[in-house]
file protein-v2.pdb (PDB, C-alpha atoms)
ATOM      1  CA  MET K   1     -42.142 -17.941  -5.646
ATOM      2  CA  ARG K   2     -38.599 -16.674  -5.220
ATOM      3  CA  LYS K   3     -37.286 -13.799  -7.222
ATOM      4  CA  ALA K   4     -34.440 -14.673  -9.609
ATOM      5  CA  ARG K   5     -31.053 -13.664  -8.270
ATOM      6  CA  ARG K   6     -29.586 -10.721 -10.098
ATOM      7  CA  PHE K   7     -25.868 -10.642 -10.869
ATOM      8  CA  GLY K   8     -23.852  -7.468 -11.146
ATOM      9  CA  PRO K   9     -23.301  -4.538  -8.832
ATOM     10  CA  PRO K  10     -25.512  -4.418  -5.751
ATOM     11  CA  ASP K  11     -28.618  -2.295  -5.813
ATOM     12  CA  ARG K  12     -27.785   0.958  -4.051
ATOM     13  CA  THR K  13     -31.131   2.675  -4.454
ATOM     14  CA  HIS K  14     -31.677   2.530  -0.684
ATOM     15  CA  CYS K  15     -28.397   4.402   0.027
ATOM     16  CA  ASP K  16     -28.259   8.158   0.335
ATOM     17  CA  LEU K  17     -25.250   8.832  -1.896
ATOM     18  CA  THR K  18     -25.697  12.578  -1.766
ATOM     19  CA  ARG K  19     -24.494  12.740   1.836
ATOM     20  CA  PRO K  20     -21.519  10.546   2.746
ATOM     21  CA  PRO K  21     -20.566  10.394   6.446
ATOM     22  CA  PRO K  22     -18.830  13.469   7.891
ATOM     23  CA  GLY K  23     -15.039  13.317   7.602
ATOM     24  CA  SER K  24     -15.126  10.816   4.743
ATOM     25  CA  VAL K  25     -13.194  11.139   1.491
ATOM     26  CA  MET K  26     -14.948  10.346  -1.779
ATOM     27  CA  ALA K  27     -13.541   7.462  -3.848
ATOM     28  CA  ASP K  28     -12.765   7.762  -7.543
ATOM     29  CA  PRO K  29     -14.180   4.641  -9.262
ATOM     30  CA  ALA K  30     -11.958   5.169 -12.325
ATOM     31  CA  GLN K  31      -8.845   4.879 -10.124
ATOM     32  CA  LEU K  32     -10.155   1.653  -8.547
ATOM     33  CA  ALA K  33     -10.578  -0.151 -11.875
ATOM     34  CA  HIS K  34      -7.375  -2.159 -11.271
ATOM     35  CA  ASN K  35      -9.210  -4.210  -8.623
ATOM     36  CA  ASN K  36     -10.574  -7.470  -9.946
ATOM     37  CA  THR K  37     -13.373  -8.126  -7.505
ATOM     38  CA  TYR K  38     -16.961  -9.316  -7.581
ATOM     39  CA  GLY K  39     -17.759  -7.167  -4.571
ATOM     40  CA  ALA K  40     -18.773  -3.549  -4.672
ATOM     41  CA  LEU K  41     -16.004  -0.964  -4.669
ATOM     42  CA  PRO K  42     -16.170   1.753  -2.008
ATOM     43  CA  LEU K  43     -17.958   5.002  -2.691
ATOM     44  CA  TYR K  44     -15.986   6.785   0.029
ATOM     45  CA  TYR K  45     -13.342   6.128   2.674
ATOM     46  CA  VAL K  46     -13.734   6.643   6.427
ATOM     47  CA  ASP K  47     -11.095   6.562   9.169
ATOM     48  CA  ARG K  48     -10.468   3.020  10.423
ATOM     49  CA  ALA K  49      -8.890   2.021  13.713
ATOM     50  CA  PHE K  50      -6.434  -0.894  13.780
ATOM     51  CA  THR K  51      -3.928  -2.552  16.094
ATOM     52  CA  CYS K  52      -0.270  -2.652  15.009
ATOM     53  CA  ARG K  53       0.915  -6.241  14.493
ATOM     54  CA  SER K  54       4.402  -5.429  15.683
ATOM     55  CA  CYS K  55       4.011  -3.322  18.826
ATOM     56  CA  GLY K  56       0.297  -3.707  19.582
ATOM     57  CA  ALA K  57      -0.375   0.036  19.595
ATOM     58  CA  GLU K  58      -3.769   1.345  18.538
ATOM     59  CA  ASP K  59      -3.545   3.515  15.435
ATOM     60  CA  LEU K  60      -5.839   5.165  12.918
ATOM     61  CA  TRP K  61      -5.749   4.582   9.162
ATOM     62  CA  THR K  62      -7.156   7.836   7.896
ATOM     63  CA  ALA K  63      -9.488   8.166   4.927
ATOM     64  CA  LYS K  64      -6.860  10.250   3.121
ATOM     65  CA  GLN K  65      -4.222   7.508   3.602
ATOM     66  CA  GLN K  66      -6.673   4.885   2.339
ATOM     67  CA  LYS K  67      -7.401   6.934  -0.775
ATOM     68  CA  TRP K  68      -3.663   7.186  -1.485
ATOM     69  CA  TRP K  69      -3.120   3.458  -0.910
ATOM     70  CA  TYR K  70      -6.011   2.228  -3.048
ATOM     71  CA  GLU K  71      -6.021   4.825  -5.820
ATOM     72  CA  ILE K  72      -2.453   6.158  -6.198
ATOM     73  CA  ALA K  73      -0.332   3.199  -5.027
ATOM     74  CA  LYS K  74      -2.891   0.819  -6.599
ATOM     75  CA  GLY K  75      -3.124  -1.392  -3.507
ATOM     76  CA  ASN K  76      -5.613  -4.248  -3.489
ATOM     77  CA  ILE K  77      -9.011  -3.186  -2.188
ATOM     78  CA  ASN K  78      -9.052  -6.124   0.258
ATOM     79  CA  THR K  79      -5.920  -4.997   2.126
ATOM     80  CA  THR K  80      -5.783  -2.908   5.294
ATOM     81  CA  ALA K  81      -3.095  -1.222   7.382
ATOM     82  CA  LYS K  82      -1.144  -3.591   9.663
ATOM     83  CA  TYR K  83       1.725  -1.558  11.113
ATOM     84  CA  CYS K  84       1.821   1.842  12.803
ATOM     85  CA  ARG K  85       3.945   4.616  11.312
ATOM     86  CA  ALA K  86       6.822   4.097  13.781
ATOM     87  CA  CYS K  87       7.032   0.353  13.041
ATOM     88  CA  ARG K  88       6.878   0.962   9.265
ATOM     89  CA  GLN K  89       9.757   3.433   9.493
ATOM     90  CA  GLU K  90      11.798   1.067  11.672
ATOM     91  CA  ARG K  91      11.184  -1.756   9.215
ATOM     92  CA  ARG K  92      12.175   0.457   6.256
ATOM     93  CA  VAL K  93      15.469   1.378   7.973
ATOM     94  CA  ARG K  94      16.184  -2.302   8.669
ATOM     95  CA  VAL K  95      15.531  -3.288   5.030
ATOM     96  CA  ASP K  96      17.657  -0.404   3.696
ATOM     97  CA  GLU K  97      20.543  -1.414   5.963
ATOM     98  CA  ALA K  98      20.304  -5.069   4.852
ATOM     99  CA  ARG K  99      20.318  -3.952   1.209
ATOM    100  CA  ARG K 100      23.368  -1.752   1.817
ATOM    101  CA  VAL K 101      25.266  -4.599   3.492
ATOM    102  CA  HIS K 102      24.350  -6.930   0.618
ATOM    103  CA  VAL K 103      25.610  -4.446  -1.983
ATOM    104  CA  GLU K 104      28.854  -3.867  -0.059
ATOM    105  CA  GLY K 105      29.373  -7.637   0.040
ATOM    106  CA  LEU K 106      28.842  -7.948  -3.704
ATOM    107  CA  ILE K 107      31.281  -5.129  -4.359
ATOM    108  CA  ALA K 108      33.893  -6.633  -2.030
ATOM    109  CA  LYS K 109      33.555 -10.044  -3.669
ATOM    110  CA  HIS K 110      33.204  -9.119  -7.348
ATOM    111  CA  GLY K 111      34.044  -5.436  -7.749
ATOM    112  CA  ILE K 112      31.707  -2.568  -8.405
ATOM    113  CA  ASP K 113      31.344  -3.203 -12.152
ATOM    114  CA  VAL K 114      30.170  -6.801 -11.743
ATOM    115  CA  ALA K 115      27.937  -5.877  -8.782
ATOM    116  CA  ALA K 116      26.221  -3.194 -10.866
ATOM    117  CA  GLU K 117      25.769  -5.669 -13.699
ATOM    118  CA  ARG K 118      24.313  -8.346 -11.401
ATOM    119  CA  LEU K 119      21.895  -5.864  -9.808
ATOM    120  CA  SER K 120      21.026  -4.286 -13.182
ATOM    121  CA  CYS K 121      21.779  -0.756 -12.042
ATOM    122  CA  LYS K 122      24.304   2.022 -12.548
ATOM    123  CA  ILE K 123      27.535   2.337 -10.595
ATOM    124  CA  GLU K 124      26.408   5.778  -9.376
ATOM    125  CA  ASP K 125      23.256   4.211  -7.900
ATOM    126  CA  LEU K 126      25.362   1.664  -5.995
ATOM    127  CA  GLN K 127      27.642   4.357  -4.639
ATOM    128  CA  ALA K 128      24.626   6.386  -3.499
ATOM    129  CA  MET K 129      23.134   3.291  -1.837
ATOM    130  CA  ILE K 130      26.350   2.655   0.098
ATOM    131  CA  THR K 131      26.838   6.230   1.274
ATOM    132  CA  ARG K 132      23.208   6.665   2.420
ATOM    133  CA  ARG K 133      23.170   5.664   6.059
ATOM    134  CA  PRO K 134      20.210   5.690   8.457
TER     135      PRO K 134
END
call {"tool": "encode", "arguments": {"input": "protein-v2.pdb", "output": "structure tokens"}}
result
Amino acid sequence: MRKARRFGPPDRTHCDLTRPPPGSVMADPAQLAHNNTYGALPLYYVDRAFTCRSCGAEDLWTAKQQKWWYEIAKGNINTTAKYCRACRQERRVRVDEARRVHVEGLIAKHGIDVAAERLSCKIEDLQAMITRRP
């Protein structure tokens, strides 16, 4: 006769929770509560190797970076790193430049007051955005 299937968190009695792997970082379950998942949440983070989608370079997503992403930035527990640091920085510069060009276009077309109103921000913030160059 089969045993009835039990719902809820998996049975971790077989795990040795007193000694996580060397180099791991312990997870804080209270900070992971934002994840709506049926699966078990991690007890600790370990370094994970990945290949950058943009340049194909091998990189390492450290346990400390994972802890920040999942617990501080509140990233979804099912996500992983996709881009190396250099490609993320290059992408950030490209997005900032596109935003700056967009704001300059709005100002040229409508004036700074209307541009600030349309973007729901202060004029000082727009001026800072325009003067900040990569």
call {"tool": "axis_aligned_box", "arguments": {"input": "protein-v2.pdb", "around": "region 101-113 of chain K", "padding_each_side": "5 Å", "output": "lines of an AutoDock Vina configuration file"}}
result
center_x = 29.2
center_y = -6.3
center_z = -4.3
size_x = 19.7
size_y = 17.5
size_z = 25.6
call {"tool": "closest_residue", "arguments": {"input": "protein-v2.pdb", "among": "K:Ser120, K:Thr51, K:Thr131, K:Gln66", "to": "Glu97 (chain K)", "atoms": "only C-alpha atoms"}}
result
K:Thr131
call {"tool": "residues_around", "arguments": {"input": "protein-v2.pdb", "residues": "Cys52 (chain K)", "least_positions_apart": "5", "cutoff": "12 Å", "atoms": "all atoms listed in the file", "output": "PyMOL selection string"}}
result
chain K and resi 57-61+80-88
call {"tool": "resolve_selection", "arguments": {"input": "protein-v2.pdb", "expression": "the PyMOL selection byres ((chain K and resi 69-75) around 8)", "output": "mmCIF file with C-alpha atoms, in the coordinates of the input"}}
result
data_model
loop_
_atom_site.group_PDB
_atom_site.id
_atom_site.type_symbol
_atom_site.label_atom_id
_atom_site.label_comp_id
_atom_site.auth_asym_id
_atom_site.auth_seq_id
_atom_site.Cartn_x
_atom_site.Cartn_y
_atom_site.Cartn_z
ATOM 1 C CA ASP K 28 -12.765 7.762 -7.543
ATOM 2 C CA GLN K 31 -8.845 4.879 -10.124
ATOM 3 C CA LEU K 32 -10.155 1.653 -8.547
ATOM 4 C CA HIS K 34 -7.375 -2.159 -11.271
ATOM 5 C CA GLN K 65 -4.222 7.508 3.602
ATOM 6 C CA GLN K 66 -6.673 4.885 2.339
ATOM 7 C CA LYS K 67 -7.401 6.934 -0.775
ATOM 8 C CA TRP K 68 -3.663 7.186 -1.485
ATOM 9 C CA ASN K 76 -5.613 -4.248 -3.489
ATOM 10 C CA ILE K 77 -9.011 -3.186 -2.188
ATOM 11 C CA THR K 79 -5.920 -4.997 2.126
#
call {"tool": "resolve_selection", "arguments": {"input": "protein-v2.pdb", "expression": "the PyMOL selection byres ((chain K and resi 98-105) around 12)", "output": "PDB file with C-alpha atoms, in the frame of the given file"}}
result
ATOM      1  CA  ARG K  91      11.184  -1.756   9.215  1.00  0.00           C
ATOM      2  CA  ARG K  92      12.175   0.457   6.256  1.00  0.00           C
ATOM      3  CA  VAL K  93      15.469   1.378   7.973  1.00  0.00           C
ATOM      4  CA  ARG K  94      16.184  -2.302   8.669  1.00  0.00           C
ATOM      5  CA  VAL K  95      15.531  -3.288   5.030  1.00  0.00           C
ATOM      6  CA  ASP K  96      17.657  -0.404   3.696  1.00  0.00           C
ATOM      7  CA  GLU K  97      20.543  -1.414   5.963  1.00  0.00           C
ATOM      8  CA  LEU K 106      28.842  -7.948  -3.704  1.00  0.00           C
ATOM      9  CA  ILE K 107      31.281  -5.129  -4.359  1.00  0.00           C
ATOM     10  CA  ALA K 108      33.893  -6.633  -2.030  1.00  0.00           C
ATOM     11  CA  LYS K 109      33.555 -10.044  -3.669  1.00  0.00           C
ATOM     12  CA  HIS K 110      33.204  -9.119  -7.348  1.00  0.00           C
ATOM     13  CA  GLY K 111      34.044  -5.436  -7.749  1.00  0.00           C
ATOM     14  CA  ILE K 112      31.707  -2.568  -8.405  1.00  0.00           C
ATOM     15  CA  ASP K 113      31.344  -3.203 -12.152  1.00  0.00           C
ATOM     16  CA  VAL K 114      30.170  -6.801 -11.743  1.00  0.00           C
ATOM     17  CA  ALA K 115      27.937  -5.877  -8.782  1.00  0.00           C
ATOM     18  CA  ALA K 116      26.221  -3.194 -10.866  1.00  0.00           C
ATOM     19  CA  GLU K 117      25.769  -5.669 -13.699  1.00  0.00           C
ATOM     20  CA  ARG K 118      24.313  -8.346 -11.401  1.00  0.00           C
ATOM     21  CA  LEU K 119      21.895  -5.864  -9.808  1.00  0.00           C
ATOM     22  CA  CYS K 121      21.779  -0.756 -12.042  1.00  0.00           C
ATOM     23  CA  ILE K 123      27.535   2.337 -10.595  1.00  0.00           C
ATOM     24  CA  ASP K 125      23.256   4.211  -7.900  1.00  0.00           C
ATOM     25  CA  LEU K 126      25.362   1.664  -5.995  1.00  0.00           C
ATOM     26  CA  GLN K 127      27.642   4.357  -4.639  1.00  0.00           C
ATOM     27  CA  ALA K 128      24.626   6.386  -3.499  1.00  0.00           C
ATOM     28  CA  MET K 129      23.134   3.291  -1.837  1.00  0.00           C
ATOM     29  CA  ILE K 130      26.350   2.655   0.098  1.00  0.00           C
ATOM     30  CA  THR K 131      26.838   6.230   1.274  1.00  0.00           C
ATOM     31  CA  ARG K 132      23.208   6.665   2.420  1.00  0.00           C
ATOM     32  CA  ARG K 133      23.170   5.664   6.059  1.00  0.00           C
ATOM     33  CA  PRO K 134      20.210   5.690   8.457  1.00  0.00           C
TER      34      PRO K 134
END
call {"tool": "closest_residue", "arguments": {"input": "protein-v2.pdb", "among": "K:Leu43, K:Ala49, K:Asn78, K:Ser24", "to": "Lys64 (chain K)", "atoms": "all atoms listed in the file"}}
result
K:Ser24
call {"tool": "atom_distance", "arguments": {"input": "protein-v2.pdb", "atom1": "CA of Thr62 (chain K)", "atom2": "CA of Phe50 (chain K)"}}
result
10.6 Å
call {"tool": "atom_distance", "arguments": {"input": "protein-v2.pdb", "atom1": "CA of Val46 (chain K)", "atom2": "CA of Gly23 (chain K)"}}
result
6.9 Å
call {"tool": "atom_distance", "arguments": {"input": "protein-v2.pdb", "atom1": "CA of Pro20 (chain K)", "atom2": "CA of Thr37 (chain K)"}}
result
22.8 Å
